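What follows is a set of notes on a single structure, which appears directly below.
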Amino acid sequence: MHKTGARSLLRGVSSLPIATGVQLCAPIAGAVAALGSGGNLTIKGFASTADEKIVVKCSPFRPHRLEPPSQEVETSGSELWEMLKTMTRMRRMELSADMLYKSKLARGFLHLADGQEAIPCGMEAALTFQDSMIQSYRTHLTYMGRGGTVKEVAAELMGRYTGAAKGIGGSMHLYKKENNFYGGAGIVGEQVPVGAGLAFAHQYRNDGSASFTLYGDGAANQGQIFEAFNIAALWNLPAVFVIENNHYGMGTAEARAAKSPRYYTRGDYVPGMWVDGMDVLAVKQATAFAKQHALEQGPLCLEMDTYRYHGHSISDPGSTYRTRDEIQGMRQTRDPIEHVKTLLKEHKFADATEIKRVEKEIRKEVNDEIEQAKKDDYPPTEFLWKNTYKDGLGAKMRPLEMGQPKIPV
Amino acid sequence: ALGTHTAVLHASSRLIQAFETINVPVTLPKNIALRTAAAMLASFGSSLARRAAVSGTVLRSLGARSYATQDLTVRDALNSAMDEEMEKDKDVFILGEEVGDYQGAYKITRGLLQKYGANRVRDTPITEAGFTGIAVGAAFSGLKPICEFMTFNFAMQAIDQIINSAAKTLYMSAGSINCPIVFRGPNGAAAGVAAQHSQCFAAWYSHVPGLKVIAPYDAEDARGLLKASIRDPDPVVFLENEILYGESFKVDDKVMDKDFTLPIGKAKVMREGKDITLVAFGKLVGYNLKAAEILAEDDIDCEVINLRTLKPIDRDTIVNSVKKTHRLLVVEEGWPQSGVASEIMAIATEEAFDYLDAAPERITGAEVPMPYAANLEALALPTIDDVVRVAKRTMGKQ
C-alpha cells in the first residue's frame, strides 16, 4: 500500500466532519470478513472497500465447553481508525460526565465506564442494530454504541428534554428502542432474564438475530441469572450472556463475592469463553463467534475481562479497595485506546502527530456537544404525568391534593 | 343475564313487539310470574327461530333484544378468551408452570397446547423471577405474553420484574418502550391452603402507577376483561379467584362474540339501589348481591358496585353512587391496613363527604396470616351475614 496515498486517504477521512453520533454498524457493501476456525462467519465491521485487509493477532480466548475462534482477526486501517475515534469519543464522554457532576449539573447516580470502551466498541463492530442489547446501569457507552450521541447522554444527565429519555430516566435509564437497546436497568441482575426474553422474541419470530445481555461480576451471583441460563438452554434461545468483569462489584473484589470467579464457566451446561475485554479486536472476534453460536447452537456466556478507572459511582473514589498502583498499571499496560493506537502505528496507518490531532478534534467536538446540551430546556411540567400508560383509557389521575384538577392519564 | 323484575318486564314487551313485527301474535296467560313469562317467550322465540330459520341476528335487527343466553363457567370464559385472542393475533403466547401438558394447574389453559403447539404454549420450570423476566423481555420486543402464575403468592418472587421492569419502563423510557403483557392467576384466599397460599395482592399491585389491575367477578367479566387485557398495550395484572373458576353464570350470547370486550377502568353497577352503596371486587361482589337480596326483605335497597378494574379505579361510578345513596360499605378479603377498601373510603371522603349520612364503613379479612383450621379460617374472612349486619348498622337499624 502506497504510504503517502494511505496517509492522504486517512487525512481525508479524518477531516470529514464527524457526524453527531458514532458511526457504527453501517453495513458497507463488501465489508465482510470470514473468520478462521469458526467457519463461515460473516461480520460487519467498520471496514471500507477502499481499504486493505490486514490480519491482526488478538489476545487468546479461554474456552468452556466450546471450540474457541481463531486469534487471527481480519481488520483494516479504516476500521482501526474508526475504533480509535469511537473509543476516544467514549472516553471523553465519561470524563466530561465526571466534570458535569462535579459542577453540579448532573445529579443522583453516575456510574462511569472509562476503561471499558473496548467492549461496546468491539461488540458493535460485529453486530447490527437488529440484534438486541440490554445492560444494567453503567450504560453511557453501550448507549453510544447503539447509536446514541454525546449530546443525548449529556442532556439526559442534566435532566433536559433533549436527553436520551427526555430527562425522565437519568444516567441509569438510557434506551434506544429503534436500535434494539433496551436499557438501562437499575436493579442488579434484573436485566438478565429480560435479555433472555429478547432472545425468545428473536426465536419466536425466527428473524436471524440474537440478544446480548450485559451484566457485571457483582451481578453474576444473582439467582435469576441462573434461572435465565436454565430456560435459555432448555429452549435453545439465541442469547449471549456477556459478563463485563471489572473485578469489583462496587467495593467488593470478585474473590470476596464469588466462590468461583471464573464466570465464563458458571453457566455449567451453558458453554462460555473468557475474552480479553481490553483488546477491542478480541471483543469483536468473540462477539461475531458468539452470535453465530447462539443462532446455531444455543446460548453461551462471554466473560470480558475489563477494568473501570473510576470508582463504582461518582461518590466512590475507587481507591479504598484497590491500590493506585493497580489502577495506574492497567492504564499503562492494558488501556484499550492505547492498544489501538499502537496497532495503528505498528501497521503504519498513522503516526503520533495524526493521532494527537484527531484526539484534539474529538475532544473539541465532545465539548461542543456538551455545551449545546447545557443550553437545552428541562421537560415541560405536563410531561411529569405522561407515559405511565401507553393507552390511558381516558382515565384521570388524582392530583397531589384534592381541590386541584384531576390529570388525564 | 336476567336481572331485576324491571328488566324482565321491559325485555318481555320488546320481544312481544318483535314477534308482532313479523306477524306472530303473542298472547300470554294472565297473572303468570314474570320470570315464567320470560322463559316461555325465550323458548317460544328459539323454537320459532329454528322453524323459521330466523337467526338471532335477524331478531336483533328487528329491534328485539336477544334473549338467548347460555351458561358459562369462569374457567371456560378465561379459556375461550385466551383461545380467541391467540387465534386472532399470532404474537400472543402463554407461558407459566403446567400451562401446557398438564392442561393448566386449574385447567384454565386446557386444550391450548394441543391447538397452538409448544412454541406458543410454554411450560416453564418453577422459577418465577426467571420466566417472568423472560416474558417481560418478550413483551418489550413487541410480542404479547400471557404470563400465568399458579397463584399470585408465587409472583412475589417475580415482583421486581413486574414492577421495576414491566410497570416502570414505559415511563423511564419517556414512552418509547411499552410492555403489552398480562400477568394472570388466582389471587387471595382459597379454602384450607393456609398462610402462604392465601394472600390478596390487590392492594400491592393497585398501588403502582404503570400497572393496570383487573379483578373480574363473573363469567362475562372474565371473558370481556381478559380479552381487553390481552389487547391492551400496557402491563395488566389480572387477579382471578380460584373459588370462582367452577362457578357458572348466565351470559348473553353477545358475550360469546369473538370481539366482545369490556372497558378497562369502568366499574359496573350490578344492582341499582337508593339506600346504601356496597362495593367489592371479585368473589365478594357475589356476597354483596346475596346480601342485597336479604336486605331487600328489610326494605333496605342496596346499590351493588362491581369494581372490575382496581387500577385505574373508576372514581366517578363510586362517587356518583355515594352521592345518591349517602352510605358506603366496602367489603374485601385482604388485610385492612392500606387495603383497597381504604382507598375506596378515601375516595368517598374526598369527593362525596357532604353527601354522606354516615361514616363510610369497610369489612376486611382478619389481620393475621391465614390459619388452616376450618373454623378459624371462616372467622378470618368476611361473610354475607357480616355484610347484612354492618349494612343495617350503617342504616341505623339493628
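Ligands are numbered from 1 in the order shown, chains are lettered A, B, ... in the order of the C-alpha cells, and residues start at 1 in each chain.
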Which residues of chain B have any atom within 9 Å of an atom in chain A when counting only C-alpha atoms, and what is the closest pair of atoms for each, with the distance in Å to one decimal? Order the rows by chain and rising number and write it as CSV.
residue,atom,partner,partner_atom,distance
B:Asp91,CA,A:Tyr204,CA,8.7
B:Asn119,CA,A:Tyr204,CA,7.5
B:Arg120,CA,A:Tyr204,CA,8.6
B:Thr124,CA,A:Ile231,CA,7.6
B:Pro125,CA,A:Ile231,CA,7.6
B:Thr127,CA,A:Glu227,CA,6.2
B:Glu128,CA,A:Glu227,CA,8.6
B:Ala129,CA,A:Gln224,CA,5.9
B:Gly130,CA,A:Glu227,CA,4.9
B:Phe131,CA,A:Pro193,CA,7.1
B:Thr132,CA,A:Pro193,CA,7.7
B:Gly133,CA,A:Val194,CA,4.6
B:Ile134,CA,A:Gly197,CA,3.7
B:Ala135,CA,A:Gly197,CA,5.8
B:Val136,CA,A:Val194,CA,6.0
B:Gly137,CA,A:Gly197,CA,4.1
B:Ala138,CA,A:Gly197,CA,4.6
B:Ala139,CA,A:Gly197,CA,8.0
B:Phe140,CA,A:Leu198,CA,7.5
B:Ser141,CA,A:Leu198,CA,6.1
B:Gly142,CA,A:Ala201,CA,8.0
B:Leu143,CA,A:Ala201,CA,6.8
B:Asp160,CA,A:Glu190,CA,7.7
B:Gln161,CA,A:Glu190,CA,6.9
B:Asn164,CA,A:Ile187,CA,7.8
B:Ser165,CA,A:Glu190,CA,7.7
B:Ala167,CA,A:Thr388,CA,8.0
B:Lys168,CA,A:Thr388,CA,7.4
B:Thr169,CA,A:Thr388,CA,8.8
B:Leu170,CA,A:Asn387,CA,6.1
B:Tyr171,CA,A:Asn387,CA,4.9
B:Met172,CA,A:Gly169,CA,4.8
B:Ser173,CA,A:Ala165,CA,5.2
B:Ala174,CA,A:Ala165,CA,5.3
B:Gly175,CA,A:Asn387,CA,5.3
B:Ser176,CA,A:Lys177,CA,6.5
B:Ile177,CA,A:Lys177,CA,6.5
B:Asn178,CA,A:Lys390,CA,6.7
B:Cys179,CA,A:Lys390,CA,8.9
B:Pro209,CA,A:Thr388,CA,6.2
B:Gly210,CA,A:Thr388,CA,4.6
B:Leu211,CA,A:Tyr389,CA,7.8
B:Lys212,CA,A:Tyr389,CA,8.6
B:Asp232,CA,A:Asp391,CA,7.6
B:Pro233,CA,A:Lys390,CA,6.3
B:Asp234,CA,A:Tyr389,CA,6.1
B:Pro235,CA,A:Tyr389,CA,8.7
B:Pro263,CA,A:Leu393,CA,8.4
B:Ile264,CA,A:Leu393,CA,7.4
B:Gly265,CA,A:Ala395,CA,7.0
B:Pro312,CA,A:Ala395,CA,6.5
B:Ile313,CA,A:Ala395,CA,8.3
B:Asp314,CA,A:Ala395,CA,8.0
B:Arg315,CA,A:Lys396,CA,9.0
B:Glu350,CA,A:Met402,CA,7.0
B:Glu351,CA,A:Met402,CA,8.3
As a PDB file with all heavy atoms, in the first residue's frame, please: every residue in stretch 280-329 of chain A that a backbone DSSP assignment puts in alpha helix (DSSP H).
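Result file is result_26.pdb:
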ATOM      1  N   VAL A 280      -9.885  -4.656  21.771  1.00  0.00           N
ATOM      2  CA  VAL A 280     -11.119  -4.445  21.017  1.00  0.00           C
ATOM      3  C   VAL A 280     -11.282  -5.471  19.890  1.00  0.00           C
ATOM      4  O   VAL A 280     -12.410  -5.859  19.555  1.00  0.00           O
ATOM      5  CB  VAL A 280     -11.185  -2.991  20.492  1.00  0.00           C
ATOM      6  CG1 VAL A 280     -10.119  -2.741  19.438  1.00  0.00           C
ATOM      7  CG2 VAL A 280     -12.551  -2.669  19.951  1.00  0.00           C
ATOM      8  N   LEU A 281     -10.171  -5.946  19.333  1.00  0.00           N
ATOM      9  CA  LEU A 281     -10.295  -6.925  18.255  1.00  0.00           C
ATOM     10  C   LEU A 281     -10.682  -8.291  18.800  1.00  0.00           C
ATOM     11  O   LEU A 281     -11.423  -9.050  18.157  1.00  0.00           O
ATOM     12  CB  LEU A 281      -8.985  -7.007  17.461  1.00  0.00           C
ATOM     13  CG  LEU A 281      -8.662  -5.735  16.667  1.00  0.00           C
ATOM     14  CD1 LEU A 281      -7.317  -5.880  15.958  1.00  0.00           C
ATOM     15  CD2 LEU A 281      -9.753  -5.437  15.643  1.00  0.00           C
ATOM     16  N   ALA A 282     -10.211  -8.617  20.007  1.00  0.00           N
ATOM     17  CA  ALA A 282     -10.640  -9.870  20.632  1.00  0.00           C
ATOM     18  C   ALA A 282     -12.143  -9.808  20.913  1.00  0.00           C
ATOM     19  O   ALA A 282     -12.867 -10.793  20.708  1.00  0.00           O
ATOM     20  CB  ALA A 282      -9.869 -10.106  21.930  1.00  0.00           C
ATOM     21  N   VAL A 283     -12.597  -8.652  21.353  1.00  0.00           N
ATOM     22  CA  VAL A 283     -14.029  -8.485  21.641  1.00  0.00           C
ATOM     23  C   VAL A 283     -14.841  -8.657  20.366  1.00  0.00           C
ATOM     24  O   VAL A 283     -15.862  -9.357  20.338  1.00  0.00           O
ATOM     25  CB  VAL A 283     -14.308  -7.104  22.268  1.00  0.00           C
ATOM     26  CG1 VAL A 283     -15.806  -6.863  22.405  1.00  0.00           C
ATOM     27  CG2 VAL A 283     -13.640  -6.985  23.632  1.00  0.00           C
ATOM     28  N   LYS A 284     -14.346  -8.043  19.296  1.00  0.00           N
ATOM     29  CA  LYS A 284     -15.064  -8.161  18.016  1.00  0.00           C
ATOM     30  C   LYS A 284     -15.129  -9.613  17.565  1.00  0.00           C
ATOM     31  O   LYS A 284     -16.194 -10.118  17.180  1.00  0.00           O
ATOM     32  CB  LYS A 284     -14.362  -7.294  16.968  1.00  0.00           C
ATOM     33  CG  LYS A 284     -14.829  -7.513  15.539  1.00  0.00           C
ATOM     34  CD  LYS A 284     -14.059  -6.634  14.563  1.00  0.00           C
ATOM     35  CE  LYS A 284     -13.932  -7.341  13.216  1.00  0.00           C
ATOM     36  NZ  LYS A 284     -13.350  -6.505  12.170  1.00  0.00           N
ATOM     37  N   GLN A 285     -13.998 -10.288  17.630  1.00  0.00           N
ATOM     38  CA  GLN A 285     -13.938 -11.683  17.197  1.00  0.00           C
ATOM     39  C   GLN A 285     -14.874 -12.549  18.013  1.00  0.00           C
ATOM     40  O   GLN A 285     -15.635 -13.377  17.499  1.00  0.00           O
ATOM     41  CB  GLN A 285     -12.491 -12.187  17.345  1.00  0.00           C
ATOM     42  CG  GLN A 285     -12.235 -13.550  16.758  1.00  0.00           C
ATOM     43  CD  GLN A 285     -11.846 -13.468  15.293  1.00  0.00           C
ATOM     44  OE1 GLN A 285     -12.306 -12.611  14.556  1.00  0.00           O
ATOM     45  NE2 GLN A 285     -10.991 -14.388  14.872  1.00  0.00           N
ATOM     46  N   ALA A 286     -14.791 -12.371  19.335  1.00  0.00           N
ATOM     47  CA  ALA A 286     -15.605 -13.185  20.236  1.00  0.00           C
ATOM     48  C   ALA A 286     -17.093 -12.930  20.006  1.00  0.00           C
ATOM     49  O   ALA A 286     -17.910 -13.856  20.059  1.00  0.00           O
ATOM     50  CB  ALA A 286     -15.235 -12.868  21.691  1.00  0.00           C
ATOM     51  N   THR A 287     -17.442 -11.682  19.765  1.00  0.00           N
ATOM     52  CA  THR A 287     -18.854 -11.341  19.591  1.00  0.00           C
ATOM     53  C   THR A 287     -19.418 -11.959  18.325  1.00  0.00           C
ATOM     54  O   THR A 287     -20.528 -12.517  18.323  1.00  0.00           O
ATOM     55  CB  THR A 287     -19.029  -9.816  19.577  1.00  0.00           C
ATOM     56  OG1 THR A 287     -18.497  -9.274  20.777  1.00  0.00           O
ATOM     57  CG2 THR A 287     -20.488  -9.430  19.461  1.00  0.00           C
ATOM     58  N   ALA A 288     -18.666 -11.870  17.253  1.00  0.00           N
ATOM     59  CA  ALA A 288     -19.137 -12.466  15.997  1.00  0.00           C
ATOM     60  C   ALA A 288     -19.308 -13.975  16.162  1.00  0.00           C
ATOM     61  O   ALA A 288     -20.308 -14.568  15.745  1.00  0.00           O
ATOM     62  CB  ALA A 288     -18.137 -12.169  14.880  1.00  0.00           C
ATOM     63  N   PHE A 289     -18.327 -14.583  16.814  1.00  0.00           N
ATOM     64  CA  PHE A 289     -18.381 -16.015  17.071  1.00  0.00           C
ATOM     65  C   PHE A 289     -19.595 -16.354  17.923  1.00  0.00           C
ATOM     66  O   PHE A 289     -20.327 -17.315  17.651  1.00  0.00           O
ATOM     67  CB  PHE A 289     -17.073 -16.425  17.773  1.00  0.00           C
ATOM     68  CG  PHE A 289     -17.092 -17.800  18.324  1.00  0.00           C
ATOM     69  CD1 PHE A 289     -16.859 -18.901  17.514  1.00  0.00           C
ATOM     70  CD2 PHE A 289     -17.346 -18.016  19.674  1.00  0.00           C
ATOM     71  CE1 PHE A 289     -16.871 -20.187  18.029  1.00  0.00           C
ATOM     72  CE2 PHE A 289     -17.365 -19.300  20.200  1.00  0.00           C
ATOM     73  CZ  PHE A 289     -17.128 -20.387  19.381  1.00  0.00           C
ATOM     74  N   ALA A 290     -19.800 -15.553  18.958  1.00  0.00           N
ATOM     75  CA  ALA A 290     -20.890 -15.830  19.894  1.00  0.00           C
ATOM     76  C   ALA A 290     -22.238 -15.708  19.211  1.00  0.00           C
ATOM     77  O   ALA A 290     -23.156 -16.502  19.469  1.00  0.00           O
ATOM     78  CB  ALA A 290     -20.813 -14.884  21.088  1.00  0.00           C
ATOM     79  N   LYS A 291     -22.378 -14.719  18.341  1.00  0.00           N
ATOM     80  CA  LYS A 291     -23.670 -14.557  17.663  1.00  0.00           C
ATOM     81  C   LYS A 291     -23.971 -15.791  16.827  1.00  0.00           C
ATOM     82  O   LYS A 291     -25.087 -16.327  16.855  1.00  0.00           O
ATOM     83  CB  LYS A 291     -23.660 -13.300  16.796  1.00  0.00           C
ATOM     84  CG  LYS A 291     -24.943 -13.142  15.984  1.00  0.00           C
ATOM     85  CD  LYS A 291     -24.993 -11.834  15.224  1.00  0.00           C
ATOM     86  CE  LYS A 291     -26.223 -11.862  14.302  1.00  0.00           C
ATOM     87  NZ  LYS A 291     -26.400 -10.593  13.587  1.00  0.00           N
ATOM     88  N   GLN A 292     -22.967 -16.244  16.094  1.00  0.00           N
ATOM     89  CA  GLN A 292     -23.210 -17.414  15.259  1.00  0.00           C
ATOM     90  C   GLN A 292     -23.548 -18.625  16.127  1.00  0.00           C
ATOM     91  O   GLN A 292     -24.458 -19.382  15.831  1.00  0.00           O
ATOM     92  CB  GLN A 292     -21.981 -17.713  14.402  1.00  0.00           C
ATOM     93  CG  GLN A 292     -22.247 -18.836  13.437  1.00  0.00           C
ATOM     94  CD  GLN A 292     -21.032 -19.176  12.596  1.00  0.00           C
ATOM     95  OE1 GLN A 292     -19.899 -18.970  13.023  1.00  0.00           O
ATOM     96  NE2 GLN A 292     -21.262 -19.691  11.410  1.00  0.00           N
ATOM     97  N   HIS A 293     -22.805 -18.781  17.209  1.00  0.00           N
ATOM     98  CA  HIS A 293     -23.057 -19.902  18.112  1.00  0.00           C
ATOM     99  C   HIS A 293     -24.480 -19.855  18.657  1.00  0.00           C
ATOM    100  O   HIS A 293     -25.194 -20.857  18.684  1.00  0.00           O
ATOM    101  CB  HIS A 293     -22.045 -19.871  19.260  1.00  0.00           C
ATOM    102  CG  HIS A 293     -22.105 -21.064  20.162  1.00  0.00           C
ATOM    103  ND1 HIS A 293     -23.125 -21.278  21.071  1.00  0.00           N
ATOM    104  CD2 HIS A 293     -21.274 -22.129  20.298  1.00  0.00           C
ATOM    105  CE1 HIS A 293     -22.920 -22.403  21.714  1.00  0.00           C
ATOM    106  NE2 HIS A 293     -21.804 -22.945  21.263  1.00  0.00           N
ATOM    107  N   ALA A 294     -24.868 -18.662  19.082  1.00  0.00           N
ATOM    108  CA  ALA A 294     -26.194 -18.523  19.694  1.00  0.00           C
ATOM    109  C   ALA A 294     -27.291 -18.871  18.699  1.00  0.00           C
ATOM    110  O   ALA A 294     -28.279 -19.518  19.039  1.00  0.00           O
ATOM    111  CB  ALA A 294     -26.372 -17.103  20.220  1.00  0.00           C
ATOM    112  N   LEU A 295     -27.086 -18.459  17.451  1.00  0.00           N
ATOM    113  CA  LEU A 295     -28.120 -18.719  16.441  1.00  0.00           C
ATOM    114  C   LEU A 295     -28.151 -20.180  16.029  1.00  0.00           C
ATOM    115  O   LEU A 295     -29.207 -20.726  15.731  1.00  0.00           O
ATOM    116  CB  LEU A 295     -27.877 -17.830  15.211  1.00  0.00           C
ATOM    117  CG  LEU A 295     -28.196 -16.347  15.422  1.00  0.00           C
ATOM    118  CD1 LEU A 295     -27.688 -15.507  14.247  1.00  0.00           C
ATOM    119  CD2 LEU A 295     -29.694 -16.136  15.589  1.00  0.00           C
ATOM    120  N   GLU A 296     -26.979 -20.822  16.049  1.00  0.00           N
ATOM    121  CA  GLU A 296     -26.940 -22.182  15.518  1.00  0.00           C
ATOM    122  C   GLU A 296     -26.986 -23.249  16.604  1.00  0.00           C
ATOM    123  O   GLU A 296     -27.501 -24.343  16.368  1.00  0.00           O
ATOM    124  CB  GLU A 296     -25.674 -22.376  14.674  1.00  0.00           C
ATOM    125  CG  GLU A 296     -25.699 -21.535  13.409  1.00  0.00           C
ATOM    126  CD  GLU A 296     -24.371 -21.576  12.647  1.00  0.00           C
ATOM    127  OE1 GLU A 296     -23.461 -22.332  13.068  1.00  0.00           O
ATOM    128  OE2 GLU A 296     -24.241 -20.852  11.659  1.00  0.00           O
ATOM    129  N   ARG A 324      -3.659   2.324  44.053  1.00  0.00           N
ATOM    130  CA  ARG A 324      -3.398   3.233  42.942  1.00  0.00           C
ATOM    131  C   ARG A 324      -2.442   2.600  41.937  1.00  0.00           C
ATOM    132  O   ARG A 324      -2.506   2.854  40.744  1.00  0.00           O
ATOM    133  CB  ARG A 324      -2.827   4.554  43.460  1.00  0.00           C
ATOM    134  CG  ARG A 324      -3.859   5.358  44.218  1.00  0.00           C
ATOM    135  CD  ARG A 324      -3.383   6.783  44.518  1.00  0.00           C
ATOM    136  NE  ARG A 324      -4.225   7.388  45.539  1.00  0.00           N
ATOM    137  CZ  ARG A 324      -5.428   7.902  45.317  1.00  0.00           C
ATOM    138  NH1 ARG A 324      -5.934   7.926  44.096  1.00  0.00           N
ATOM    139  NH2 ARG A 324      -6.137   8.415  46.299  1.00  0.00           N
ATOM    140  N   ASP A 325      -1.534   1.744  42.460  1.00  0.00           N
ATOM    141  CA  ASP A 325      -0.602   1.049  41.565  1.00  0.00           C
ATOM    142  C   ASP A 325      -1.354   0.176  40.579  1.00  0.00           C
ATOM    143  O   ASP A 325      -1.011   0.098  39.396  1.00  0.00           O
ATOM    144  CB  ASP A 325       0.357   0.154  42.380  1.00  0.00           C
ATOM    145  CG  ASP A 325       1.480   0.968  42.986  1.00  0.00           C
ATOM    146  OD1 ASP A 325       1.640   2.141  42.569  1.00  0.00           O
ATOM    147  OD2 ASP A 325       2.186   0.440  43.858  1.00  0.00           O
ATOM    148  N   GLU A 326      -2.374  -0.491  41.090  1.00  0.00           N
ATOM    149  CA  GLU A 326      -3.146  -1.373  40.204  1.00  0.00           C
ATOM    150  C   GLU A 326      -3.804  -0.553  39.112  1.00  0.00           C
ATOM    151  O   GLU A 326      -3.746  -0.903  37.922  1.00  0.00           O
ATOM    152  CB  GLU A 326      -4.202  -2.132  41.025  1.00  0.00           C
ATOM    153  CG  GLU A 326      -5.086  -3.043  40.178  1.00  0.00           C
ATOM    154  CD  GLU A 326      -6.222  -3.647  40.992  1.00  0.00           C
ATOM    155  OE1 GLU A 326      -5.943  -4.568  41.786  1.00  0.00           O
ATOM    156  OE2 GLU A 326      -7.373  -3.203  40.823  1.00  0.00           O
ATOM    157  N   ILE A 327      -4.434   0.556  39.511  1.00  0.00           N
ATOM    158  CA  ILE A 327      -5.144   1.384  38.532  1.00  0.00           C
ATOM    159  C   ILE A 327      -4.153   1.936  37.505  1.00  0.00           C
ATOM    160  O   ILE A 327      -4.380   1.876  36.297  1.00  0.00           O
ATOM    161  CB  ILE A 327      -5.899   2.530  39.232  1.00  0.00           C
ATOM    162  CG1 ILE A 327      -6.825   1.967  40.323  1.00  0.00           C
ATOM    163  CG2 ILE A 327      -6.692   3.340  38.232  1.00  0.00           C
ATOM    164  CD1 ILE A 327      -7.443   3.016  41.234  1.00  0.00           C
ATOM    165  N   GLN A 328      -3.053   2.459  37.998  1.00  0.00           N
ATOM    166  CA  GLN A 328      -2.035   3.007  37.087  1.00  0.00           C
ATOM    167  C   GLN A 328      -1.492   1.930  36.171  1.00  0.00           C
ATOM    168  O   GLN A 328      -1.255   2.151  34.980  1.00  0.00           O
ATOM    169  CB  GLN A 328      -0.869   3.612  37.896  1.00  0.00           C
ATOM    170  CG  GLN A 328      -0.994   5.107  38.137  1.00  0.00           C
ATOM    171  CD  GLN A 328      -1.222   5.877  36.846  1.00  0.00           C
ATOM    172  OE1 GLN A 328      -2.347   6.201  36.500  1.00  0.00           O
ATOM    173  NE2 GLN A 328      -0.150   6.127  36.117  1.00  0.00           N
ATOM    174  N   GLY A 329      -1.244   0.752  36.738  1.00  0.00           N
ATOM    175  CA  GLY A 329      -0.728  -0.369  35.962  1.00  0.00           C
ATOM    176  C   GLY A 329      -1.630  -0.700  34.786  1.00  0.00           C
ATOM    177  O   GLY A 329      -1.170  -0.922  33.665  1.00  0.00           O
TER     178      GLY A 329
END
With DSSP run on the backbone, what are the strand (DSSP E) residues within stretch 48-234 of chain A? I'd like them as a PyMOL selection string. chain A and resi 53-57+62-64+72-76+132-135+181-184+211-216
May I have the residues from that selection written out with N, CA, C and O atoms, as a short mmCIF file (atom, residue, chain, number, x, y, z; two decimals), in the first residue's frame?
data_model
loop_
_atom_site.label_atom_id
_atom_site.label_comp_id
_atom_site.auth_asym_id
_atom_site.auth_seq_id
_atom_site.Cartn_x
_atom_site.Cartn_y
_atom_site.Cartn_z
N LYS A 53 -7.21 -5.18 3.64
CA LYS A 53 -7.40 -6.00 4.82
C LYS A 53 -6.06 -6.38 5.41
O LYS A 53 -5.12 -6.69 4.69
N ILE A 54 -6.03 -6.35 6.71
CA ILE A 54 -4.85 -6.90 7.37
C ILE A 54 -5.34 -7.91 8.40
O ILE A 54 -6.52 -7.90 8.78
N VAL A 55 -4.42 -8.73 8.84
CA VAL A 55 -4.78 -9.69 9.88
C VAL A 55 -3.97 -9.37 11.12
O VAL A 55 -2.76 -9.23 11.07
N VAL A 56 -4.65 -9.24 12.23
CA VAL A 56 -4.00 -8.91 13.49
C VAL A 56 -4.28 -10.05 14.46
O VAL A 56 -5.41 -10.56 14.53
N LYS A 57 -3.26 -10.40 15.21
CA LYS A 57 -3.47 -11.45 16.22
C LYS A 57 -3.98 -10.81 17.49
O LYS A 57 -3.35 -9.91 18.05
N ARG A 62 -10.17 -18.19 26.43
CA ARG A 62 -10.18 -19.41 27.26
C ARG A 62 -11.57 -20.03 27.12
O ARG A 62 -12.56 -19.41 27.50
N PRO A 63 -11.62 -21.25 26.60
CA PRO A 63 -12.94 -21.82 26.32
C PRO A 63 -13.50 -22.65 27.47
O PRO A 63 -12.74 -23.19 28.28
N HIS A 64 -14.81 -22.73 27.51
CA HIS A 64 -15.52 -23.64 28.43
C HIS A 64 -16.56 -24.37 27.59
O HIS A 64 -17.54 -23.80 27.16
N GLU A 72 -6.71 -14.96 14.90
CA GLU A 72 -6.39 -14.11 13.75
C GLU A 72 -7.63 -13.31 13.39
O GLU A 72 -8.64 -13.87 12.96
N VAL A 73 -7.53 -12.00 13.56
CA VAL A 73 -8.71 -11.15 13.32
C VAL A 73 -8.46 -10.32 12.08
O VAL A 73 -7.44 -9.63 11.97
N GLU A 74 -9.41 -10.41 11.16
CA GLU A 74 -9.28 -9.58 9.97
C GLU A 74 -9.81 -8.18 10.26
O GLU A 74 -10.90 -8.02 10.81
N THR A 75 -9.00 -7.19 9.93
CA THR A 75 -9.44 -5.82 10.15
C THR A 75 -8.82 -4.96 9.04
O THR A 75 -8.36 -5.49 8.03
N SER A 76 -8.83 -3.68 9.23
CA SER A 76 -8.26 -2.79 8.21
C SER A 76 -7.87 -1.49 8.87
O SER A 76 -8.25 -1.23 10.02
N SER A 132 -30.45 -7.50 19.61
CA SER A 132 -30.90 -6.75 20.79
C SER A 132 -29.80 -6.68 21.83
O SER A 132 -28.96 -7.57 21.93
N MET A 133 -29.84 -5.61 22.60
CA MET A 133 -28.86 -5.47 23.66
C MET A 133 -29.54 -4.90 24.89
O MET A 133 -30.44 -4.05 24.80
N ILE A 134 -29.10 -5.36 26.07
CA ILE A 134 -29.63 -4.81 27.32
C ILE A 134 -28.52 -4.88 28.35
O ILE A 134 -27.63 -5.75 28.29
N GLN A 135 -28.54 -3.95 29.29
CA GLN A 135 -27.43 -3.83 30.23
C GLN A 135 -27.99 -3.37 31.56
O GLN A 135 -29.21 -3.17 31.70
N PHE A 181 -31.97 -1.26 21.72
CA PHE A 181 -31.27 -1.16 23.00
C PHE A 181 -32.31 -0.92 24.09
O PHE A 181 -33.03 0.06 24.08
N TYR A 182 -32.38 -1.87 25.02
CA TYR A 182 -33.47 -1.87 25.99
C TYR A 182 -33.02 -1.39 27.36
O TYR A 182 -33.63 -1.76 28.38
N GLY A 183 -32.00 -0.59 27.43
CA GLY A 183 -31.61 0.00 28.70
C GLY A 183 -30.44 -0.70 29.36
O GLY A 183 -30.00 -1.71 28.89
N GLY A 184 -29.99 -0.14 30.37
CA GLY A 184 -30.50 0.90 31.25
C GLY A 184 -31.38 0.33 32.36
O GLY A 184 -32.48 0.82 32.54
N SER A 211 -29.73 -11.89 21.02
CA SER A 211 -29.75 -10.85 22.05
C SER A 211 -28.47 -10.94 22.87
O SER A 211 -27.95 -12.03 23.11
N PHE A 212 -27.97 -9.78 23.28
CA PHE A 212 -26.76 -9.68 24.07
C PHE A 212 -27.11 -9.01 25.40
O PHE A 212 -27.55 -7.87 25.42
N THR A 213 -26.93 -9.76 26.47
CA THR A 213 -27.30 -9.28 27.81
C THR A 213 -26.02 -9.05 28.60
O THR A 213 -25.27 -9.99 28.84
N LEU A 214 -25.80 -7.79 28.98
CA LEU A 214 -24.56 -7.45 29.68
C LEU A 214 -24.82 -7.28 31.17
O LEU A 214 -25.80 -6.66 31.56
N TYR A 215 -23.93 -7.84 31.97
CA TYR A 215 -24.01 -7.64 33.41
C TYR A 215 -22.61 -7.76 33.98
O TYR A 215 -21.70 -8.22 33.31
N GLY A 216 -22.46 -7.38 35.24
CA GLY A 216 -21.12 -7.31 35.83
C GLY A 216 -20.79 -8.50 36.71
O GLY A 216 -21.61 -9.39 36.93
#
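Nearest-residue note for B:Glu293: choosing from B:Val322, B:Ala68, B:Ile384, B:Ala191, the minimum distance belongs to B:Ile384, counting only C-alpha atoms.
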